[in-house]
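Dumped entry-v5.tsv below, it's TSV, C-alpha atoms:
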chain	number	residue	atom	x	y	z
A	1	MET	CA	-25.56	-3.76	4.58
A	2	ALA	CA	-24.22	-6.71	2.58
A	3	LYS	CA	-20.51	-6.65	1.83
A	4	ARG	CA	-19.44	-6.14	-1.77
A	5	ASP	CA	-17.80	-8.94	-3.70
A	6	PHE	CA	-13.99	-8.76	-3.37
A	7	TYR	CA	-13.45	-9.34	-7.09
A	8	GLU	CA	-15.91	-6.56	-7.90
A	9	ILE	CA	-14.08	-4.19	-5.52
A	10	LEU	CA	-10.78	-4.75	-7.35
A	11	GLY	CA	-12.47	-4.72	-10.76
A	12	VAL	CA	-11.15	-8.15	-11.84
A	13	THR	CA	-12.70	-11.46	-12.86
A	14	ARG	CA	-12.64	-14.56	-10.68
A	15	SER	CA	-10.07	-16.10	-13.04
A	16	ALA	CA	-7.66	-13.19	-12.57
A	17	SER	CA	-4.02	-14.15	-12.01
A	18	SER	CA	-1.95	-13.03	-9.02
A	19	GLU	CA	-0.22	-10.47	-11.22
A	20	ASP	CA	-3.58	-9.10	-12.42
A	21	LEU	CA	-4.72	-8.78	-8.80
A	22	LYS	CA	-1.53	-6.96	-7.85
A	23	LYS	CA	-1.80	-4.49	-10.75
A	24	ALA	CA	-5.46	-3.77	-9.99
A	25	TYR	CA	-4.72	-3.28	-6.29
A	26	ARG	CA	-1.79	-0.91	-6.86
A	27	LYS	CA	-3.76	1.20	-9.31
A	28	LEU	CA	-6.79	1.55	-7.02
A	29	ALA	CA	-4.71	2.01	-3.84
A	30	MET	CA	-2.87	4.94	-5.42
A	31	GLN	CA	-6.15	6.44	-6.64
A	32	TYR	CA	-7.97	6.27	-3.30
A	33	HIS	CA	-5.03	6.67	-0.88
A	34	PRO	CA	-6.02	9.03	2.00
A	35	ASP	CA	-2.98	11.21	1.34
A	36	ARG	CA	-4.30	11.94	-2.15
A	37	ASN	CA	-7.87	12.46	-0.92
A	38	PRO	CA	-7.60	14.41	2.35
A	39	GLY	CA	-10.92	14.73	4.16
A	40	ASP	CA	-12.73	12.49	1.64
A	41	THR	CA	-14.54	9.87	3.76
A	42	LYS	CA	-15.79	8.01	0.69
A	43	ALA	CA	-12.24	7.62	-0.63
A	44	GLU	CA	-11.08	6.46	2.81
A	45	HIS	CA	-13.84	3.82	2.93
A	46	ARG	CA	-13.00	2.72	-0.61
A	47	PHE	CA	-9.30	2.45	0.33
A	48	LYS	CA	-10.16	0.17	3.27
A	49	GLU	CA	-12.36	-1.99	1.02
A	50	ILE	CA	-9.55	-2.32	-1.52
A	51	ASN	CA	-7.02	-3.37	1.13
A	52	GLU	CA	-9.40	-5.89	2.69
A	53	ALA	CA	-10.20	-7.44	-0.70
A	54	TYR	CA	-6.56	-7.70	-1.77
A	55	ASP	CA	-5.47	-9.08	1.62
A	56	VAL	CA	-7.80	-12.05	1.06
A	57	LEU	CA	-7.38	-12.65	-2.67
A	58	LYS	CA	-3.58	-12.43	-2.78
A	59	ASP	CA	-3.35	-15.40	-0.37
A	60	GLU	CA	-4.03	-18.69	-2.17
A	61	GLN	CA	-5.63	-20.38	0.86
A	62	LYS	CA	-7.79	-17.40	1.73
A	63	ARG	CA	-8.82	-17.00	-1.91
A	64	ALA	CA	-9.81	-20.66	-2.15
A	65	ALA	CA	-11.91	-20.30	0.98
A	66	TYR	CA	-13.54	-17.13	-0.31
A	67	ASP	CA	-14.29	-18.69	-3.70
A	68	ARG	CA	-16.07	-21.55	-1.96
A	69	PHE	CA	-17.79	-19.93	1.00
A	70	GLY	CA	-17.78	-16.20	0.22
A	71	HIS	CA	-17.68	-13.76	3.13
A	72	ALA	CA	-18.96	-16.48	5.47
A	73	ALA	CA	-15.43	-17.94	5.49
A	74	PHE	CA	-14.29	-14.97	7.60
A	75	GLU	CA	-17.29	-14.19	9.77
A	76	ASN	CA	-15.60	-15.22	13.02
A	77	ALA	CA	-12.31	-13.47	12.25
A	78	GLY	CA	-13.29	-9.84	12.77
A	79	GLY	CA	-13.04	-7.19	15.43
A	80	GLY	CA	-15.07	-6.63	18.56
A	81	ARG	CA	-12.69	-8.65	20.69
A	82	GLY	CA	-10.88	-6.73	23.39
A	83	GLY	CA	-7.29	-5.84	22.57
A	84	ASP	CA	-7.54	-6.25	18.80
A	85	PHE	CA	-6.62	-2.58	18.17
A	86	GLY	CA	-8.89	-2.67	15.15
A	87	PHE	CA	-7.06	-5.53	13.41
A	88	GLY	CA	-8.78	-8.76	12.45
A	89	ALA	CA	-8.06	-11.92	14.42
A	90	GLY	CA	-6.97	-13.74	11.27
A	91	PHE	CA	-8.25	-16.06	8.65
A	92	GLY	CA	-8.09	-19.44	10.40
A	93	ALA	CA	-10.98	-19.31	12.86
A	94	GLY	CA	-13.93	-18.68	10.55
A	95	PHE	CA	-12.91	-21.04	7.75
A	96	ALA	CA	-11.83	-23.82	10.11
A	97	ASP	CA	-15.23	-23.79	11.87
A	98	ILE	CA	-17.07	-24.02	8.54
A	99	PHE	CA	-14.82	-26.84	7.33
A	100	ASP	CA	-15.08	-28.80	10.59
A	101	GLU	CA	-18.85	-28.54	10.78
A	102	MET	CA	-19.29	-29.77	7.20
A	103	PHE	CA	-16.57	-32.40	6.93
A	104	GLY	CA	-14.94	-33.00	10.31
A	105	GLU	CA	-17.09	-35.89	11.49
A	106	PHE	CA	-17.14	-37.73	8.17
A	107	MET	CA	-13.39	-37.41	7.56
A	108	GLY	CA	-12.33	-38.01	11.14
A	109	GLY	CA	-10.76	-34.56	11.27
A	110	ARG	CA	-10.20	-32.63	14.49
A	111	ARG	CA	-8.68	-29.23	14.92
A	112	GLN	CA	-5.54	-28.88	16.92
A	113	GLN	CA	-6.25	-27.66	20.43
A	114	GLY	CA	-5.63	-23.97	20.87
A	115	ALA	CA	-5.29	-23.31	17.13
A	116	ASN	CA	-7.87	-20.53	17.31
A	117	LEU	CA	-5.92	-18.75	20.08
A	118	ARG	CA	-3.31	-17.30	17.74
A	119	GLY	CA	-2.75	-13.59	18.18
A	120	SER	CA	-4.04	-11.08	15.66
A	121	ASP	CA	-1.94	-9.60	12.88
A	122	LEU	CA	-1.19	-5.90	13.30
A	123	ARG	CA	-0.77	-3.07	10.83
A	124	TYR	CA	1.56	-0.08	11.20
A	125	ASN	CA	1.56	2.83	8.75
A	126	LEU	CA	5.02	4.32	8.22
A	127	GLU	CA	5.71	7.44	6.17
A	128	ILE	CA	9.18	7.93	4.67
A	129	ALA	CA	10.85	10.50	2.44
A	130	LEU	CA	11.65	9.85	-1.22
A	131	GLU	CA	15.38	10.03	-0.41
A	132	GLU	CA	14.89	7.30	2.22
A	133	ALA	CA	13.10	5.15	-0.35
A	134	PHE	CA	16.11	5.65	-2.66
A	135	HIS	CA	18.84	4.86	-0.11
A	136	GLY	CA	16.94	2.44	2.13
A	137	LYS	CA	16.62	2.98	5.86
A	138	GLN	CA	17.05	1.36	9.26
A	139	THR	CA	14.46	2.68	11.70
A	140	THR	CA	12.62	1.82	14.90
A	141	VAL	CA	8.84	1.80	15.26
A	142	ARG	CA	6.89	1.76	18.52
A	143	VAL	CA	3.83	-0.47	18.34
A	144	PRO	CA	1.09	-0.73	21.01
A	145	THR	CA	0.20	-4.40	21.21
A	146	LEU	CA	-0.59	-7.35	23.45
A	147	SER	CA	2.56	-9.11	24.62
A	148	SER	CA	3.06	-12.33	26.51
A	149	CYS	CA	2.59	-11.83	30.27
A	150	GLU	CA	5.93	-12.11	32.05
A	151	ALA	CA	4.34	-12.96	35.40
A	152	CYS	CA	2.72	-16.20	34.18
A	153	LYS	CA	4.95	-16.80	31.13
A	154	GLY	CA	1.91	-16.58	28.90
A	155	THR	CA	-0.01	-19.45	30.54
A	156	GLY	CA	-2.65	-17.24	32.15
A	157	ALA	CA	-2.37	-19.14	35.46
A	158	GLU	CA	-1.09	-17.69	38.72
A	159	ALA	CA	2.40	-18.78	39.76
A	160	GLY	CA	2.33	-22.22	41.35
A	161	SER	CA	-0.79	-23.33	39.49
A	162	ARG	CA	-1.47	-24.72	36.05
A	163	PRO	CA	-4.38	-24.83	33.63
A	164	ILE	CA	-6.48	-27.99	33.94
A	165	ASN	CA	-8.38	-29.97	31.33
A	166	CYS	CA	-11.76	-28.44	30.53
A	167	PRO	CA	-14.50	-30.49	32.28
A	168	THR	CA	-16.95	-29.78	29.44
A	169	CYS	CA	-14.89	-31.17	26.55
A	170	HIS	CA	-12.40	-33.21	28.65
A	171	GLY	CA	-9.45	-31.46	27.07
A	172	GLN	CA	-10.54	-32.00	23.46
A	173	GLY	CA	-11.48	-28.40	22.71
A	174	ARG	CA	-14.53	-29.69	20.83
A	175	VAL	CA	-17.96	-30.95	21.86
A	176	ARG	CA	-20.36	-33.14	19.89
A	177	ALA	CA	-24.10	-32.84	19.55
A	178	GLN	CA	-26.52	-35.30	17.96
A	179	GLN	CA	-28.78	-33.75	15.31
A	180	GLY	CA	-31.03	-36.42	13.86
A	181	PHE	CA	-28.85	-38.91	12.00
A	182	PHE	CA	-25.82	-36.61	12.15
A	183	THR	CA	-23.27	-35.86	14.81
A	184	VAL	CA	-22.07	-32.27	14.69
A	185	GLU	CA	-18.79	-31.25	16.30
A	186	ARG	CA	-18.33	-27.66	17.47
A	187	THR	CA	-15.88	-25.54	19.43
A	188	CYS	CA	-16.27	-26.03	23.16
A	189	PRO	CA	-18.21	-23.06	24.63
A	190	SER	CA	-16.45	-23.32	27.99
A	191	CYS	CA	-12.79	-23.22	26.94
A	192	HIS	CA	-13.35	-21.77	23.42
A	193	GLY	CA	-11.33	-24.56	21.85
A	194	ALA	CA	-8.30	-24.36	24.14
A	195	GLY	CA	-9.03	-27.68	25.85
A	196	ARG	CA	-7.97	-26.20	29.17
A	197	VAL	CA	-9.41	-23.82	31.75
A	198	ILE	CA	-7.74	-21.81	34.46
A	199	GLU	CA	-8.97	-22.17	38.04
A	200	ASN	CA	-6.54	-19.61	39.50
A	201	PRO	CA	-5.99	-16.89	36.85
A	202	CYS	CA	-2.91	-14.68	36.87
A	203	ARG	CA	-3.57	-11.35	38.60
A	204	GLN	CA	-1.40	-9.46	36.11
A	205	CYS	CA	-3.20	-10.50	32.93
A	206	GLY	CA	-6.54	-11.76	34.26
A	207	GLY	CA	-5.94	-15.22	32.86
A	208	GLN	CA	-5.39	-14.08	29.27
A	209	GLY	CA	-1.65	-14.78	29.28
A	210	ARG	CA	-0.94	-11.40	27.67
A	211	VAL	CA	-0.87	-7.72	28.64
A	212	HIS	CA	-1.00	-4.36	26.88
A	213	LYS	CA	2.48	-3.11	26.12
A	214	GLU	CA	4.28	-0.78	23.70
A	215	ARG	CA	7.13	-2.48	21.90
A	216	ALA	CA	10.05	-0.95	20.01
A	217	LEU	CA	10.88	-2.92	16.86
A	218	ALA	CA	13.72	-2.46	14.37
A	219	VAL	CA	12.60	-2.24	10.73
A	220	SER	CA	14.87	-2.54	7.71
A	221	ILE	CA	13.52	-0.69	4.65
A	222	PRO	CA	15.29	-1.82	1.47
A	223	ALA	CA	16.35	0.64	-1.22
A	224	GLY	CA	13.88	1.02	-4.08
A	225	VAL	CA	10.62	0.48	-2.16
A	226	GLU	CA	7.51	2.03	-3.68
A	227	ASP	CA	4.47	3.70	-2.18
A	228	GLY	CA	2.17	1.03	-0.72
A	229	THR	CA	4.94	-1.54	-0.16
A	230	ARG	CA	4.16	-3.95	2.67
A	231	ILE	CA	6.86	-5.34	4.96
A	232	ARG	CA	6.00	-8.40	7.08
A	233	LEU	CA	7.60	-9.00	10.46
A	234	ALA	CA	6.70	-12.60	11.32
A	235	GLY	CA	5.70	-13.24	14.93
A	236	GLU	CA	5.80	-9.56	15.90
A	237	GLY	CA	2.04	-9.08	16.07
A	238	GLU	CA	-0.29	-9.74	18.97
A	239	ALA	CA	0.67	-12.50	21.39
A	240	GLY	CA	-1.73	-15.45	21.42
A	241	VAL	CA	-4.10	-16.15	24.29
A	242	ARG	CA	-2.59	-18.43	26.98
A	243	GLY	CA	0.56	-19.30	25.08
A	244	GLY	CA	-0.96	-19.33	21.59
A	245	GLY	CA	1.19	-18.38	18.63
A	246	ALA	CA	1.86	-14.72	17.92
A	247	GLY	CA	0.44	-12.92	14.90
A	248	ASP	CA	2.49	-10.96	12.38
A	249	LEU	CA	3.16	-7.24	12.05
A	250	TYR	CA	2.71	-5.62	8.65
A	251	ILE	CA	4.45	-2.32	7.94
A	252	PHE	CA	2.68	-0.34	5.17
A	253	LEU	CA	4.91	2.31	3.61
A	254	THR	CA	3.76	5.70	2.35
A	255	ILE	CA	6.24	7.96	0.52
A	256	LYS	CA	5.90	11.69	1.11
A	257	PRO	CA	5.49	13.96	-1.92
A	258	HIS	CA	8.84	15.57	-2.79
A	259	ARG	CA	9.31	19.31	-3.27
A	260	LEU	CA	11.37	18.82	-6.47
A	261	PHE	CA	10.98	15.32	-7.85
A	262	GLN	CA	8.05	13.27	-9.11
A	263	ARG	CA	8.49	9.51	-9.18
A	264	ASP	CA	7.24	7.16	-11.90
A	265	GLY	CA	8.28	3.63	-10.98
A	266	SER	CA	12.08	3.59	-11.14
A	267	ASN	CA	12.25	6.89	-13.04
A	268	ILE	CA	12.46	10.42	-11.67
A	269	HIS	CA	11.00	13.56	-13.26
A	270	VAL	CA	11.99	17.14	-12.45
A	271	ARG	CA	10.80	20.39	-14.00
A	272	VAL	CA	13.50	23.04	-14.50
A	273	PRO	CA	12.72	26.67	-15.42
A	274	VAL	CA	14.90	27.99	-18.26
A	275	SER	CA	15.13	31.57	-19.49
A	276	MET	CA	13.83	32.44	-22.94
A	277	ALA	CA	17.34	33.43	-24.05
A	278	THR	CA	18.89	30.14	-22.89
A	279	ALA	CA	16.14	28.12	-24.58
A	280	ALA	CA	16.70	30.05	-27.81
A	281	LEU	CA	20.50	30.21	-27.81
A	282	GLY	CA	21.31	27.01	-25.93
A	283	GLY	CA	23.39	26.63	-22.81
A	284	ALA	CA	24.09	24.41	-19.83
A	285	LEU	CA	22.81	24.17	-16.29
A	286	GLU	CA	23.16	21.99	-13.19
A	287	VAL	CA	20.24	20.08	-11.71
A	288	PRO	CA	20.08	18.08	-8.45
A	289	ALA	CA	19.77	14.28	-8.56
A	290	ILE	CA	17.94	12.08	-6.04
A	291	ASP	CA	21.25	10.59	-4.84
A	292	GLY	CA	22.39	14.05	-3.66
A	293	SER	CA	24.78	14.70	-6.55
A	294	ARG	CA	24.58	17.36	-9.27
A	295	ALA	CA	24.07	16.56	-12.92
A	296	ARG	CA	25.07	18.84	-15.80
A	297	VAL	CA	22.46	19.24	-18.52
A	298	THR	CA	23.07	20.70	-21.97
A	299	ILE	CA	20.17	22.75	-23.38
A	300	PRO	CA	20.18	22.61	-27.20
A	301	ALA	CA	19.54	25.85	-29.09
A	302	GLY	CA	15.87	26.23	-29.99
A	303	THR	CA	14.61	24.04	-27.11
A	304	GLN	CA	10.82	24.28	-26.77
A	305	ASN	CA	8.74	24.39	-23.60
A	306	GLY	CA	8.01	20.89	-22.27
A	307	HIS	CA	10.98	19.25	-24.00
A	308	GLN	CA	12.45	16.39	-21.90
A	309	LEU	CA	16.13	15.58	-21.52
A	310	ARG	CA	17.04	12.09	-20.33
A	311	LEU	CA	19.85	11.39	-17.87
A	312	LYS	CA	20.44	7.65	-17.92
A	313	GLY	CA	20.98	5.90	-14.59
A	314	LYS	CA	20.16	8.97	-12.50
A	315	GLY	CA	16.72	7.79	-11.36
A	316	MET	CA	15.49	5.69	-8.42
A	317	SER	CA	17.03	2.55	-7.03
A	318	THR	CA	15.40	-0.69	-8.16
A	319	LEU	CA	14.23	-3.07	-5.44
A	320	ARG	CA	16.55	-6.09	-5.05
A	321	SER	CA	18.75	-4.90	-7.93
A	322	ALA	CA	21.86	-2.79	-8.46
A	323	ALA	CA	20.22	-1.08	-11.45
A	324	ARG	CA	18.78	2.42	-11.38
A	325	GLY	CA	16.10	4.12	-13.40
A	326	ASP	CA	16.53	7.29	-15.46
A	327	MET	CA	15.99	10.95	-14.67
A	328	TYR	CA	13.95	13.14	-17.02
A	329	VAL	CA	14.51	16.89	-16.96
A	330	GLU	CA	11.50	18.75	-18.35
A	331	VAL	CA	12.35	22.21	-19.68
A	332	ARG	CA	9.91	24.93	-18.66
A	333	VAL	CA	10.66	28.04	-20.73
A	334	GLU	CA	9.92	31.05	-18.54
A	335	THR	CA	8.49	34.20	-20.14
A	336	PRO	CA	10.23	37.28	-18.66
A	337	VAL	CA	8.15	39.63	-16.53
A	338	GLN	CA	8.58	43.18	-15.16
A	339	LEU	CA	10.70	44.25	-18.12
A	340	SER	CA	12.47	47.60	-18.14
A	341	LYS	CA	11.83	50.05	-21.00
A	342	ARG	CA	15.15	49.14	-22.58
A	343	GLN	CA	14.33	45.43	-22.45
A	344	GLN	CA	10.96	46.09	-24.06
A	345	GLU	CA	12.63	48.09	-26.81
A	346	LEU	CA	15.10	45.29	-27.48
A	347	LEU	CA	12.33	42.72	-27.70
A	348	ARG	CA	10.43	44.90	-30.18
A	349	GLU	CA	13.60	45.29	-32.25
A	350	PHE	CA	14.08	41.53	-32.14
A	351	GLU	CA	10.48	40.98	-33.26
A	352	ALA	CA	10.81	43.45	-36.11
A	353	ALA	CA	14.15	42.12	-37.32
A	354	GLY	CA	13.13	38.46	-37.38
A	355	ASP	CA	11.50	36.30	-40.02
A	356	ALA	CA	8.64	34.44	-38.30
A	357	ARG	CA	8.76	31.67	-40.89
A	358	LYS	CA	12.25	30.79	-39.70
A	359	THR	CA	12.30	31.77	-36.04
A	360	GLN	CA	8.77	30.61	-35.18
A	361	PRO	CA	7.96	27.70	-37.51
A	362	GLU	CA	5.32	26.21	-35.20
A	363	ALA	CA	3.37	29.49	-35.02
A	364	GLU	CA	3.71	29.97	-38.77
A	365	SER	CA	2.33	26.48	-39.38
A	366	PHE	CA	-0.55	27.00	-36.98
A	367	PHE	CA	-1.74	30.30	-38.47
A	368	ALA	CA	-1.45	28.88	-42.00
A	369	LYS	CA	-3.88	26.15	-40.94
A	370	VAL	CA	-6.17	28.78	-39.41
A	371	LYS	CA	-6.20	30.67	-42.68
A	372	GLU	CA	-7.09	27.51	-44.60
A	373	PHE	CA	-9.87	26.79	-42.07
A	374	PHE	CA	-11.58	30.15	-42.54
A	375	GLY	CA	-11.06	29.90	-46.29
A	376	ASP	CA	-12.95	26.61	-46.35
A	377	LEU	CA	-15.87	28.22	-44.48
A	378	THR	CA	-16.26	31.00	-47.05
A	379	GLU	CA	-16.36	28.68	-50.07
Is it possible to give me this structure as C-alpha cells?
Amino acid sequence: MAKRDFYEILGVTRSASSEDLKKAYRKLAMQYHPDRNPGDTKAEHRFKEINEAYDVLKDEQKRAAYDRFGHAAFENAGGGRGGDFGFGAGFGAGFADIFDEMFGEFMGGRRQQGANLRGSDLRYNLEIALEEAFHGKQTTVRVPTLSSCEACKGTGAEAGSRPINCPTCHGQGRVRAQQGFFTVERTCPSCHGAGRVIENPCRQCGGQGRVHKERALAVSIPAGVEDGTRIRLAGEGEAGVRGGGAGDLYIFLTIKPHRLFQRDGSNIHVRVPVSMATAALGGALEVPAIDGSRARVTIPAGTQNGHQLRLKGKGMSTLRSAARGDMYVEVRVETPVQLSKRQQELLREFEAAGDARKTQPEAESFFAKVKEFFGDLTE
C-alpha cells in the first residue's frame, strides 16, 4: 500500500513553517498517544505515522529531499537489516544514492568511502512522573544496541590482519557502468561502498566490527519538560559497520497521569471538594502544590461550583527558565449525603426561612426565563 503524504499526515501545507509543523505534531501526538488510546491499534499506527512524518519534515535537509523526491528519498534507509532493533538506518543512504545517480557523473561528485556504514539512530521510550518533570531528574537507561567490537577495535578483521582494498571497485566504493551515452556510477556490490573487504574476519563479530551489547547510559532530564519531549544523545546509537560513525540515541519522554494534578503547559489544575457550608459561608483550606509544599486558599462566601482560584507562581517549572506557571484550584461544591433526621430538619428550616431571590439568584433567574418561555408558547 502506498505511503501517505507526510504533509497530509500532519494536516499542514507544504509551505508550513517549522513552528506550524511543531504545533501540528504536538497536537496529533497527544491525541493519538498509545497511553491515551490503550489497545487501539489504529491509534498506534496513526501515532507511528505522525512521528515518522515529523522526524523527516522537522529536519531541513530531509524535508528538502522529501519535497524533491518524495518517499523515494528514503527507500534504502529502512529496516530489514540485522541488528537494527526496528530503527531506520538513517536518512543519508537513500538520498545520497539518488543524488549520485542523477548528478554525480556530471558534477564530478563522489561519495566519501564508508559514508553509508554509519550506525542507525535508536529510540528509547522513558516514562517519568509529573514531579520528576517539575524538578528534573538524573537517571540511567539500559539500551540494547550494537557496540564496537573490542576484539578487532571495530575494524571487523581478525587480530594481525587488516581489511584490503576491494578488488571490484579498487578501493573507490563505487563502480561505473556504461548505459548508452551515459556513464552511471553506483555503490559497489562487493564492498557495499566501504572500499575495503575483509579476507580474515574477526571471529567475535563475524567481520561486522560490532556486537550486540546492553549499555547503561546516564540521562539528564531538565526541569520543565513536557510530554513528548525528545532528548538527543549524540553518538550513543548503533555503532557503524567496520569503524563507521555511530548513530544517535533519542530519548522520548512520556509523563504519567497524576492522581491529583492535571497539567496544561506550565500551569497546574487541581480540583478540591468543598462542603456546602464552607462554599456558602466562606473559609480557608490547604491544598498541596507540585513542589511538595502546602498552599493556603481562601474560599469567598457564596463561592459557586466550578469557580477557579489562581495561585500565582505555584505551577510547573518552565524549560530553560527560572519562571513558573500558575496553579488553578477548582472548587467542587459537594452535596451532603446520608443526612441524619436532625440535619434534614435543619435544611428544611433553612429552605423555609430563606428568600430564594436573594440566596439563589441564579436559580431565580433561570426559572423566570422558563416562565417567559412557556408564556411565549401560549400567546
Tell me which protein, DNA and RNA residues are within 8 Å of A:Val141, counting only C-alpha atoms, leaving out same-chain ones fewer than 4 positions away, and put them as number ranges by chain. A: 216-219
What's the 12 Å shell around A:Gln262, counting all atoms listed in the file, without same-chain residues fewer than 6 positions away, as an MDAnalysis selection string? chainID A and resid 130:131 255:256 268:271 289:290 315:316 327:330
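Shortest atom-to-atom contact with A:Glu226 among A:Pro163, A:Glu19, A:Arg26, A:Leu346: A:Arg26, counting all atoms listed in the file.
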Point-to-point distance in Å for atom CA of A:Arg263 and atom CA of A:His45: 26.0 Å
(15.7, 3.0, -3.7) in this file's frame - what residues fall within 8 Å of it? Use all atoms listed in the file and give the answer as a short mmCIF file (atom, residue, chain, number, x, y, z; two decimals) with C-alpha atoms, in the frame of the given file.
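The new file result_11.cif reads:
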data_model
loop_
_atom_site.label_atom_id
_atom_site.label_comp_id
_atom_site.auth_asym_id
_atom_site.auth_seq_id
_atom_site.Cartn_x
_atom_site.Cartn_y
_atom_site.Cartn_z
CA GLU A 131 15.38 10.03 -0.41
CA GLU A 132 14.89 7.30 2.22
CA ALA A 133 13.10 5.15 -0.35
CA PHE A 134 16.11 5.65 -2.66
CA HIS A 135 18.84 4.86 -0.11
CA GLY A 136 16.94 2.44 2.13
CA PRO A 222 15.29 -1.82 1.47
CA ALA A 223 16.35 0.64 -1.22
CA GLY A 224 13.88 1.02 -4.08
CA VAL A 225 10.62 0.48 -2.16
CA MET A 316 15.49 5.69 -8.42
CA SER A 317 17.03 2.55 -7.03
CA THR A 318 15.40 -0.69 -8.16
CA LEU A 319 14.23 -3.07 -5.44
#
Could you work out how far atom CA of A:Arg230 lies from atom CA of A:Thr254, giving the answer in Å with one decimal?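 Distance reported for this atom pair: 9.7 Å.
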